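With mmCIF, C-alpha atoms inside, this is start-v1.cif:
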data_my_file
#
loop_
_atom_site.label_atom_id
_atom_site.label_comp_id
_atom_site.auth_asym_id
_atom_site.auth_seq_id
_atom_site.Cartn_x
_atom_site.Cartn_y
_atom_site.Cartn_z
CA MET A 1 -8.47 -8.49 9.98
CA ASP A 2 -7.03 -8.94 13.45
CA LYS A 3 -6.37 -12.52 14.45
CA ARG A 4 -8.50 -13.99 17.22
CA ASP A 5 -7.01 -14.80 20.58
CA PHE A 6 -5.68 -18.37 20.63
CA TYR A 7 -7.24 -19.08 24.03
CA GLU A 8 -10.58 -17.79 22.77
CA ILE A 9 -10.34 -20.03 19.69
CA LEU A 10 -9.98 -23.11 21.90
CA GLY A 11 -12.52 -21.83 24.44
CA LEU A 12 -10.00 -21.72 27.28
CA SER A 13 -8.72 -19.35 29.93
CA LYS A 14 -5.06 -18.31 30.09
CA SER A 15 -4.59 -20.51 33.15
CA ALA A 16 -5.56 -23.67 31.24
CA SER A 17 -3.37 -26.70 31.86
CA ASP A 18 -1.62 -28.71 29.13
CA ALA A 19 -4.23 -31.44 29.56
CA GLU A 20 -7.09 -28.95 29.15
CA ILE A 21 -5.49 -27.51 26.00
CA LYS A 22 -5.09 -30.98 24.53
CA LYS A 23 -8.67 -31.95 25.42
CA ALA A 24 -10.13 -28.78 23.89
CA TYR A 25 -8.11 -29.24 20.69
CA ARG A 26 -9.20 -32.86 20.28
CA LYS A 27 -12.85 -31.95 20.67
CA LEU A 28 -12.76 -29.04 18.21
CA ALA A 29 -10.49 -30.79 15.70
CA LYS A 30 -12.90 -33.71 15.56
CA GLN A 31 -15.83 -31.33 15.05
CA TYR A 32 -14.27 -29.25 12.26
CA HIS A 33 -11.95 -31.77 10.59
CA PRO A 34 -12.27 -31.54 6.77
CA ASP A 35 -12.93 -35.28 6.55
CA ALA A 36 -16.04 -34.75 8.67
CA ASN A 37 -17.02 -31.61 6.72
CA PRO A 38 -16.31 -32.27 3.02
CA ASP A 39 -16.44 -29.23 0.73
CA ASN A 40 -17.07 -26.96 3.71
CA LYS A 41 -14.66 -24.04 3.36
CA GLU A 42 -15.81 -22.49 6.63
CA ALA A 43 -15.06 -25.69 8.57
CA GLU A 44 -11.68 -25.99 6.83
CA ALA A 45 -10.76 -22.44 7.82
CA LYS A 46 -11.93 -23.13 11.37
CA PHE A 47 -9.82 -26.30 11.50
CA LYS A 48 -6.71 -24.40 10.38
CA GLU A 49 -7.38 -21.72 13.00
CA ILE A 50 -7.78 -24.37 15.73
CA THR A 51 -4.61 -26.18 14.65
CA GLU A 52 -2.56 -22.96 14.62
CA ALA A 53 -3.78 -22.10 18.12
CA TYR A 54 -2.95 -25.57 19.40
CA GLU A 55 0.54 -25.62 17.84
CA VAL A 56 1.39 -22.46 19.79
CA LEU A 57 -0.31 -23.22 23.11
CA SER A 58 0.87 -26.85 23.26
CA ASP A 59 4.52 -25.75 22.99
CA ALA A 60 5.83 -24.36 26.31
CA ASP A 61 8.25 -21.87 24.70
CA LYS A 62 5.78 -20.63 22.09
CA ARG A 63 3.03 -20.33 24.67
CA ALA A 64 5.27 -18.27 26.97
CA ALA A 65 6.11 -15.92 24.08
CA TYR A 66 2.44 -15.65 23.12
CA ASP A 67 1.34 -14.96 26.70
CA ARG A 68 3.84 -12.13 26.87
CA TYR A 69 3.63 -10.58 23.42
CA GLY A 70 0.47 -11.95 21.83
CA HIS A 71 0.41 -12.45 18.06
CA ALA A 72 3.27 -9.95 17.70
CA ALA A 73 5.60 -12.69 18.92
CA PHE A 74 5.14 -14.50 15.60
CA GLU A 75 4.57 -11.69 13.14
CA GLN A 76 7.33 -10.80 10.69
CA GLY A 77 8.47 -7.27 9.97
CA GLY A 78 5.67 -5.72 11.98
CA GLY A 79 6.36 -2.44 13.68
CA GLY A 80 5.56 -1.66 17.24
CA THR A 81 7.01 -3.24 20.30
CA GLY A 82 7.84 -6.62 18.80
CA GLY A 83 7.86 -8.05 22.30
CA PHE A 84 10.51 -5.83 23.80
CA GLY A 85 8.50 -2.74 24.61
CA GLY A 86 8.93 0.93 23.69
CA GLY A 87 9.97 1.86 20.16
CA PHE A 88 12.39 -0.96 19.52
CA GLY A 89 10.52 -2.13 16.45
CA GLY A 90 13.68 -3.69 15.04
CA PHE A 91 13.13 -6.53 17.47
CA GLY A 92 9.68 -7.32 16.07
CA GLY A 93 8.87 -10.84 15.00
CA PHE A 94 11.05 -12.63 17.53
CA ASP A 95 10.05 -16.26 17.11
CA GLY A 96 12.63 -18.16 19.13
CA ASP A 97 14.74 -18.84 16.02
CA ILE A 98 16.97 -15.77 16.33
CA ASP A 99 20.12 -16.22 18.38
CA LEU A 100 22.20 -13.57 20.14
CA SER A 101 24.26 -12.86 17.04
CA ASP A 102 21.04 -12.16 15.09
CA ILE A 103 20.03 -9.52 17.63
CA LEU A 104 23.49 -7.93 17.66
CA ASN A 105 23.58 -7.96 13.85
CA GLY A 106 20.31 -6.11 13.78
CA MET A 107 21.47 -3.51 16.27
CA PHE A 108 24.92 -2.85 14.84
CA GLY A 109 24.50 -3.44 11.12
CA GLY A 110 25.98 -6.90 10.86
CA GLY A 111 29.16 -6.30 12.79
CA PHE A 112 28.76 -9.43 14.85
CA GLY A 113 28.73 -13.14 14.22
CA GLY A 114 29.83 -13.27 10.59
CA GLY A 115 28.89 -9.90 9.14
CA GLY A 116 25.15 -10.03 8.68
CA ARG A 117 24.98 -13.61 7.36
CA ARG A 118 21.68 -15.05 6.30
CA ARG A 119 21.07 -18.34 8.04
CA PRO A 120 18.48 -20.74 6.61
CA ARG A 121 15.93 -21.91 9.10
CA GLY A 122 16.58 -25.52 8.15
CA PRO A 123 14.64 -28.61 9.21
CA GLN A 124 13.47 -28.30 12.79
CA PRO A 125 13.78 -31.24 15.20
CA GLY A 126 10.65 -32.49 16.95
CA ALA A 127 9.69 -31.32 20.42
CA ASP A 128 10.11 -33.44 23.52
CA ILE A 129 7.08 -34.94 25.24
CA ARG A 130 6.82 -35.24 29.02
CA GLN A 131 4.77 -37.97 30.67
CA THR A 132 4.32 -39.16 34.27
CA ILE A 133 3.50 -42.76 35.14
CA GLN A 134 2.61 -44.49 38.41
CA ILE A 135 4.56 -47.60 39.45
CA SER A 136 4.60 -49.75 42.58
CA PHE A 137 7.32 -49.91 45.22
CA GLU A 138 8.39 -53.35 43.96
CA GLU A 139 8.43 -52.21 40.31
CA ALA A 140 10.74 -49.35 41.26
CA ALA A 141 13.02 -51.75 43.10
CA PHE A 142 13.35 -54.42 40.43
CA GLY A 143 12.42 -52.60 37.22
CA CYS A 144 9.53 -53.23 34.86
CA GLU A 145 8.10 -52.45 31.44
CA LYS A 146 5.17 -50.07 31.06
CA GLU A 147 3.09 -49.37 27.97
CA ILE A 148 2.38 -45.65 27.63
CA SER A 149 -0.15 -43.97 25.35
CA ILE A 150 1.00 -40.57 24.13
CA ASN A 151 -0.65 -37.89 22.01
CA THR A 152 1.97 -36.86 19.51
CA SER A 153 2.63 -35.94 15.89
CA GLU A 154 4.07 -38.16 13.22
CA THR A 155 5.24 -37.55 9.67
CA CYS A 156 2.28 -37.36 7.32
CA PRO A 157 1.86 -40.75 5.63
CA THR A 158 0.51 -39.13 2.45
CA CYS A 159 3.12 -36.48 1.65
CA HIS A 160 5.89 -37.99 3.81
CA GLY A 161 6.54 -34.64 5.40
CA SER A 162 6.89 -32.61 2.20
CA LYS A 163 3.66 -30.71 3.02
CA ALA A 164 2.70 -30.70 -0.66
CA LYS A 165 0.04 -32.76 -2.40
CA PRO A 166 1.66 -35.85 -3.98
CA GLY A 167 2.48 -35.28 -7.64
CA THR A 168 2.73 -31.50 -7.28
CA GLU A 169 5.86 -29.39 -7.27
CA THR A 170 7.12 -26.69 -4.96
CA SER A 171 8.93 -23.53 -6.01
CA THR A 172 11.78 -21.59 -4.43
CA CYS A 173 10.56 -18.63 -2.42
CA GLY A 174 11.16 -15.47 -4.42
CA LYS A 175 11.35 -13.26 -1.34
CA CYS A 176 14.14 -15.02 0.54
CA HIS A 177 15.56 -16.91 -2.46
CA GLY A 178 15.34 -20.19 -0.61
CA THR A 179 17.21 -19.13 2.52
CA GLY A 180 14.14 -18.93 4.72
CA ARG A 181 15.45 -15.64 6.16
CA ILE A 182 15.03 -11.99 5.25
CA VAL A 183 16.66 -8.77 6.44
CA VAL A 184 14.26 -5.99 7.36
CA GLN A 185 14.94 -2.35 8.20
CA GLN A 186 12.85 -0.37 10.62
CA ARG A 187 12.93 3.15 11.92
CA THR A 188 13.22 3.39 15.71
CA ILE A 189 14.02 6.08 18.23
CA MET A 190 17.65 4.99 17.81
CA GLY A 191 17.51 5.48 14.06
CA MET A 192 17.30 2.91 11.27
CA MET A 193 17.96 -0.61 12.46
CA GLN A 194 18.02 -3.88 10.59
CA SER A 195 17.41 -7.39 11.76
CA GLU A 196 17.30 -10.84 10.27
CA GLN A 197 13.98 -12.62 10.56
CA VAL A 198 12.14 -15.68 9.34
CA CYS A 199 10.72 -15.06 5.88
CA ASP A 200 7.03 -14.21 6.16
CA ALA A 201 6.28 -15.44 2.64
CA CYS A 202 7.41 -19.04 3.14
CA ARG A 203 7.56 -19.07 6.97
CA GLY A 204 11.20 -20.10 6.91
CA GLU A 205 10.72 -23.05 4.58
CA GLY A 206 12.59 -21.49 1.67
CA LYS A 207 9.96 -22.85 -0.69
CA ILE A 208 6.38 -22.08 -1.67
CA ILE A 209 3.78 -24.85 -1.53
CA LYS A 210 0.97 -24.06 -3.95
CA ASP A 211 -1.00 -27.27 -3.41
CA PRO A 212 -0.91 -28.36 0.26
CA CYS A 213 -1.36 -32.01 1.14
CA ASN A 214 -5.01 -32.84 1.81
CA THR A 215 -4.19 -35.14 4.72
CA CYS A 216 -2.01 -32.83 6.83
CA HIS A 217 -3.21 -29.55 5.23
CA GLY A 218 0.33 -28.42 4.55
CA HIS A 219 1.76 -29.10 8.01
CA GLY A 220 3.79 -32.17 7.06
CA LYS A 221 2.63 -33.91 10.25
CA VAL A 222 -0.56 -35.37 11.63
CA ARG A 223 -1.71 -35.82 15.21
CA THR A 224 -1.96 -39.36 16.47
CA VAL A 225 -2.06 -41.44 19.62
CA LYS A 226 0.62 -44.09 19.79
CA LYS A 227 1.72 -46.62 22.36
CA VAL A 228 5.31 -46.78 23.54
CA THR A 229 6.87 -49.40 25.79
CA ALA A 230 9.09 -47.84 28.44
CA LYS A 231 11.69 -49.97 30.20
CA ILE A 232 11.90 -48.78 33.80
CA PRO A 233 15.34 -49.63 35.27
CA ALA A 234 15.72 -51.38 38.61
CA GLY A 235 16.49 -48.99 41.46
CA ILE A 236 14.71 -45.94 40.04
CA ASP A 237 13.36 -43.58 42.71
CA HIS A 238 10.30 -41.38 43.01
CA GLY A 239 10.50 -38.28 40.79
CA GLN A 240 13.33 -39.53 38.57
CA THR A 241 13.03 -39.31 34.78
CA ILE A 242 14.13 -41.59 31.96
CA ARG A 243 14.59 -40.47 28.35
CA LEU A 244 13.33 -42.48 25.37
CA SER A 245 15.18 -41.09 22.37
CA GLY A 246 13.21 -40.44 19.21
CA GLN A 247 9.80 -41.15 20.78
CA GLY A 248 8.67 -37.53 20.97
CA GLU A 249 7.10 -35.25 18.37
CA ALA A 250 8.10 -35.84 14.75
CA GLY A 251 10.65 -33.44 13.30
CA ASP A 252 10.70 -31.85 9.86
CA VAL A 253 11.94 -33.93 6.97
CA GLY A 254 15.65 -34.52 7.54
CA ALA A 255 15.46 -33.63 11.24
CA PRO A 256 15.24 -36.05 14.18
CA ALA A 257 12.15 -36.59 16.30
CA GLY A 258 12.07 -35.31 19.86
CA ASP A 259 12.39 -37.50 22.93
CA LEU A 260 9.87 -38.89 25.39
CA LEU A 261 10.72 -37.96 28.99
CA VAL A 262 9.03 -40.32 31.44
CA THR A 263 8.92 -39.30 35.11
CA VAL A 264 7.99 -42.03 37.60
CA SER A 265 5.76 -41.60 40.61
CA VAL A 266 6.37 -44.46 43.06
CA SER A 267 3.49 -45.59 45.27
CA SER A 268 4.13 -45.86 49.00
CA HIS A 269 4.38 -49.34 50.58
CA PRO A 270 2.35 -50.48 53.59
CA VAL A 271 5.40 -52.08 55.24
CA PHE A 272 8.61 -50.74 53.74
CA GLU A 273 10.11 -47.25 53.65
CA ARG A 274 12.92 -46.37 51.27
CA ARG A 275 15.90 -44.26 52.33
CA GLY A 276 18.41 -44.12 49.51
CA ASN A 277 18.99 -47.75 48.56
CA ASP A 278 18.17 -49.04 52.05
CA VAL A 279 14.78 -50.32 53.20
CA TYR A 280 13.39 -49.75 56.71
CA MET A 281 10.52 -51.45 58.52
CA ARG A 282 9.13 -51.90 62.06
CA MET A 283 8.12 -55.37 63.22
CA PRO A 284 5.99 -56.28 66.26
CA ILE A 285 7.09 -59.06 68.62
CA SER A 286 5.41 -60.46 71.71
CA PHE A 287 6.63 -60.10 75.29
CA VAL A 288 7.46 -63.80 75.35
CA GLN A 289 9.48 -63.60 72.11
CA ALA A 290 11.38 -60.61 73.43
CA ALA A 291 12.06 -62.29 76.80
CA LEU A 292 12.93 -65.79 75.61
CA GLY A 293 14.23 -65.08 72.12
CA ALA A 294 12.64 -66.44 68.97
CA GLU A 295 13.05 -67.20 65.30
CA LEU A 296 11.14 -64.57 63.32
CA SER A 297 9.80 -64.71 59.76
CA ILE A 298 10.65 -61.27 58.40
CA PRO A 299 9.14 -59.94 55.13
CA THR A 300 11.61 -58.60 52.55
CA LEU A 301 11.38 -57.58 48.90
CA ASP A 302 12.60 -61.10 48.06
CA GLY A 303 10.06 -62.86 50.27
CA ASN A 304 10.12 -63.91 53.94
CA VAL A 305 13.46 -64.79 55.58
CA LYS A 306 14.21 -66.41 58.95
CA PHE A 307 16.02 -64.37 61.59
CA SER A 308 16.73 -65.27 65.23
CA ILE A 309 16.58 -62.69 68.01
CA GLN A 310 18.31 -63.15 71.34
CA PRO A 311 16.56 -63.49 74.72
CA GLY A 312 16.00 -60.11 76.36
CA THR A 313 15.57 -58.20 73.12
CA GLN A 314 14.35 -54.70 73.88
CA THR A 315 11.91 -52.42 72.06
CA SER A 316 13.60 -50.30 69.33
CA THR A 317 16.39 -52.83 68.82
CA THR A 318 17.33 -52.67 65.12
CA PHE A 319 18.72 -55.52 63.05
CA ARG A 320 20.33 -55.37 59.60
CA LEU A 321 19.63 -57.80 56.78
CA GLN A 322 22.54 -57.29 54.40
CA GLY A 323 21.79 -57.05 50.68
CA LYS A 324 18.01 -57.06 51.09
CA GLY A 325 17.49 -53.43 50.07
CA ILE A 326 17.06 -51.65 46.71
CA PRO A 327 19.41 -52.41 43.78
CA SER A 328 21.72 -49.58 42.78
CA LEU A 329 20.50 -47.71 39.70
CA ARG A 330 24.06 -47.62 38.34
CA ASN A 331 25.00 -51.19 39.19
CA ASN A 332 22.17 -53.65 39.84
CA LYS A 333 24.59 -56.16 41.37
CA HIS A 334 24.96 -53.87 44.37
CA ARG A 335 22.00 -53.62 46.72
CA GLY A 336 21.27 -51.69 49.85
CA ASP A 337 20.38 -53.30 53.18
CA GLN A 338 17.15 -53.80 55.08
CA TYR A 339 16.85 -52.51 58.64
CA VAL A 340 14.29 -54.08 60.95
CA GLU A 341 13.29 -52.28 64.15
CA VAL A 342 11.37 -54.50 66.59
CA TYR A 343 8.94 -53.30 69.22
CA VAL A 344 7.24 -55.25 72.00
CA VAL A 345 3.47 -55.38 71.84
CA VAL A 346 1.80 -55.19 75.25
CA PRO A 347 -1.25 -57.49 75.28
CA LYS A 348 -4.70 -56.07 75.92
CA ASN A 349 -7.88 -57.61 77.36
CA LEU A 350 -6.12 -60.25 79.44
CA THR A 351 -8.17 -63.04 80.95
CA GLU A 352 -8.23 -63.52 84.74
CA LYS A 353 -5.98 -66.56 84.40
CA GLN A 354 -3.41 -64.58 82.39
CA LYS A 355 -3.52 -61.77 84.93
CA GLU A 356 -2.98 -64.23 87.78
CA ILE A 357 0.02 -65.76 86.01
CA LEU A 358 1.56 -62.32 85.58
CA ARG A 359 0.95 -61.48 89.26
CA GLU A 360 2.75 -64.68 90.24
CA PHE A 361 5.50 -63.89 87.77
CA GLU A 362 6.12 -60.33 88.93
CA PRO A 363 7.75 -61.21 92.31
CA GLU A 364 10.05 -63.61 90.49
CA ILE A 365 11.60 -60.77 88.54
CA GLY A 366 11.35 -58.22 91.34
CA ALA A 367 15.06 -58.43 92.10
CA GLN A 368 15.91 -57.74 88.48
CA ALA A 369 13.54 -54.82 88.43
CA GLU A 370 15.12 -53.33 91.54
CA GLU A 371 18.59 -53.83 90.04
CA SER A 372 17.58 -51.98 86.88
CA LYS A 373 16.38 -49.04 88.99
CA LYS A 374 19.77 -48.45 90.63
CA GLY A 375 20.94 -46.22 87.84
CA TRP A 376 17.82 -44.12 88.35
CA GLY A 377 18.07 -44.00 92.15
CA HIS A 378 18.76 -40.28 92.37
CA PHE A 379 15.73 -39.60 90.17
CA PHE A 380 13.33 -41.65 92.32
CA LYS A 381 14.63 -40.01 95.53
CA LYS A 382 14.27 -36.57 93.99
CA ASN A 383 10.61 -37.18 93.04
CA LYS A 384 9.42 -38.77 96.34
#

Render the structure in this file as C-alpha cells.
Amino acid sequence: MDKRDFYEILGLSKSASDAEIKKAYRKLAKQYHPDANPDNKEAEAKFKEITEAYEVLSDADKRAAYDRYGHAAFEQGGGGTGGFGGGFGGFGGFDGDIDLSDILNGMFGGGFGGGGRRRPRGPQPGADIRQTIQISFEEAAFGCEKEISINTSETCPTCHGSKAKPGTETSTCGKCHGTGRIVVQQRTIMGMMQSEQVCDACRGEGKIIKDPCNTCHGHGKVRTVKKVTAKIPAGIDHGQTIRLSGQGEAGDVGAPAGDLLVTVSVSSHPVFERRGNDVYMRMPISFVQAALGAELSIPTLDGNVKFSIQPGTQTSTTFRLQGKGIPSLRNNKHRGDQYVEVYVVVPKNLTEKQKEILREFEPEIGAQAEESKKGWGHFFKKNK
C-alpha cells in the first residue's frame, strides 16, 4: 500500500512553518499515544505514522529531500528516479547518509574511495535546535541569564537508547551482516549500476529488534520539553547567536547530542542607540542653559553622570563620555563611548511678561546678531 503524504498525516500544507509542524504533532501525538489508547492497535499504528511524519518534517534536511522527492527519498533499492530524475535508478534511496565516494562507487563499480567499501551507518549524533529569545538593551550590554524551554528528544529512560524492550535480546541483521549497509544493482539506461545504501531490513542499525521498547516504541528516544539556562555574554548584539553544546536533540547510543543555537533579538531603547560598541543619544537643553552654560545630569547605562557645558553651546554640539558605551564582546574590560548631541528647545506659549523680557533683551544682542550676519552679507544682498 502506498504511504500517505506526511503533510496530509499531520493535517498541514507544504508551506507550514516549523512551529505549525510542532504544534500539529503535539496535538495528534497526545490524541493517539498508546498510553492514552491501551490495547488499541489502530491508535498505535496511527501514532507510529504521525511520529514518522514528524521526524522527517521537523528535520530541515530531511524535509527538503521529502519536498523534492517524496517518499522515494527514503526508500531503499527502489527503482525509478530515486530523486535524480530520468532513468538513473542507481541513485534511488538517497537518504543523506551517502557521501560523494558512495555515489562514485555506484557509478564506476567501486573504483573510488577505497574500492567499494561497506561503511556502517554507526551511531548518529543528535540534531541542533535553533531558538530565538528577546532581551533588553541593558541585558545585551551587560549580559544576563535566560531560562529557555525547548521541545527536544532525550534518550529513552526505559531502554536507555537501545530501542529494545528491557530483558530482550537483539540479533545481527542477516541482510547486511551487521554493517548497516547493502550494495544493490540496478539496470539503467547506462547499463547495470551498483550503489551502496542503508540496509532496508534494519534501517542502518546493523541489528534486528524483535521486541521494541514500549516507552519509545523502538525509537530509542522520547519527546520532552526541558528548560535550559542560557548565559548571554555582555556586549552581544542584535541577531548574534550563541551555541550551547550538548543541549540539542539526543544522539544515538554512543553518539553526542546536538547543540542549542540561541539567537538574540535586542529590544530598542527609548533613549539610546547602539552603533558598534558606542552609544548615541540626543539631549534637550534650554536657551538659558545653552547661553549661560550649565551642569547637566546625563543618563548613561551606568546611571546619571554630571557634565558641564560651556556658555554659548550651540544646537547639534556633540560631547563624548569616554568608556560609557557597550562592553566589547571579546574583552569586557574594554568599552565603547557614549556620544551626547544637545539641541536647544525653543519655548512655546510664552506669557506676556516673558515676551516683554525677550523684546527688551533683543536690542542688547543686536550688535552680536549683526556681527554674525557679516559672513552671510552677500547672501542677504542677493535676496533683497

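Using only C-alpha atoms, the shortest contact distance between Lys210 in chain A and any of A:Ala255, A:Ala164, A:Cys176, A:Val225 is found at A:Ala164.
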
### Message
Here is a test: counting all atoms listed in the file, which residue of A:Gly167, A:Gly254, A:Gly336, A:Gly206 is nearest to Thr155 in chain A?
### Response
A:Gly254

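Using all atoms listed in the file for every distance, the candidate list A:Thr229, A:His217, A:Lys62, A:Ala36 yields A:His217 as the residue closest to Glu49 in chain A.
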
### Query
Which residues come within 7 Å of range 231-239 of chain A, counting only C-alpha atoms, excluding same-chain residues fewer than 2 positions away, as a count of residues only?
18

### Query
Which residues come within 10 Å of Ser267 in chain A, counting all atoms listed in the file, excluding same-chain residues fewer than 3 positions away, as an MDAnalysis selection string?
chainID A and resid 134:140 238 264 270

### Query
Exactly which residues make up the result of the PyMOL selection byres ((chain A and resi 6) around 12) on this file, given as an MDAnalysis selection string?
chainID A and resid 2:5 7:14 16 21 24:25 48:58 62:63 66:67 70:71

### Query
Which residues come within 7 Å of Lys163 in chain A, counting all atoms listed in the file, excluding same-chain residues fewer than 2 positions away, as a ChimeraX atom specification?
/A:159,161,165,212-213,218-220

Could you take the residues named above and write them with C-alpha atoms, as a CSV table (one decimal), keeping the file's coordinate frame?
chain,number,residue,atom,x,y,z
A,159,CYS,CA,3.1,-36.5,1.6
A,161,GLY,CA,6.5,-34.6,5.4
A,165,LYS,CA,0.0,-32.8,-2.4
A,212,PRO,CA,-0.9,-28.4,0.3
A,213,CYS,CA,-1.4,-32.0,1.1
A,218,GLY,CA,0.3,-28.4,4.6
A,219,HIS,CA,1.8,-29.1,8.0
A,220,GLY,CA,3.8,-32.2,7.1

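Each of A:Glu154, A:Thr168, A:Gly325, A:Ser286 was checked against Ala257 in chain A using all atoms listed in the file; the smallest atom-to-atom distance is that of A:Glu154.
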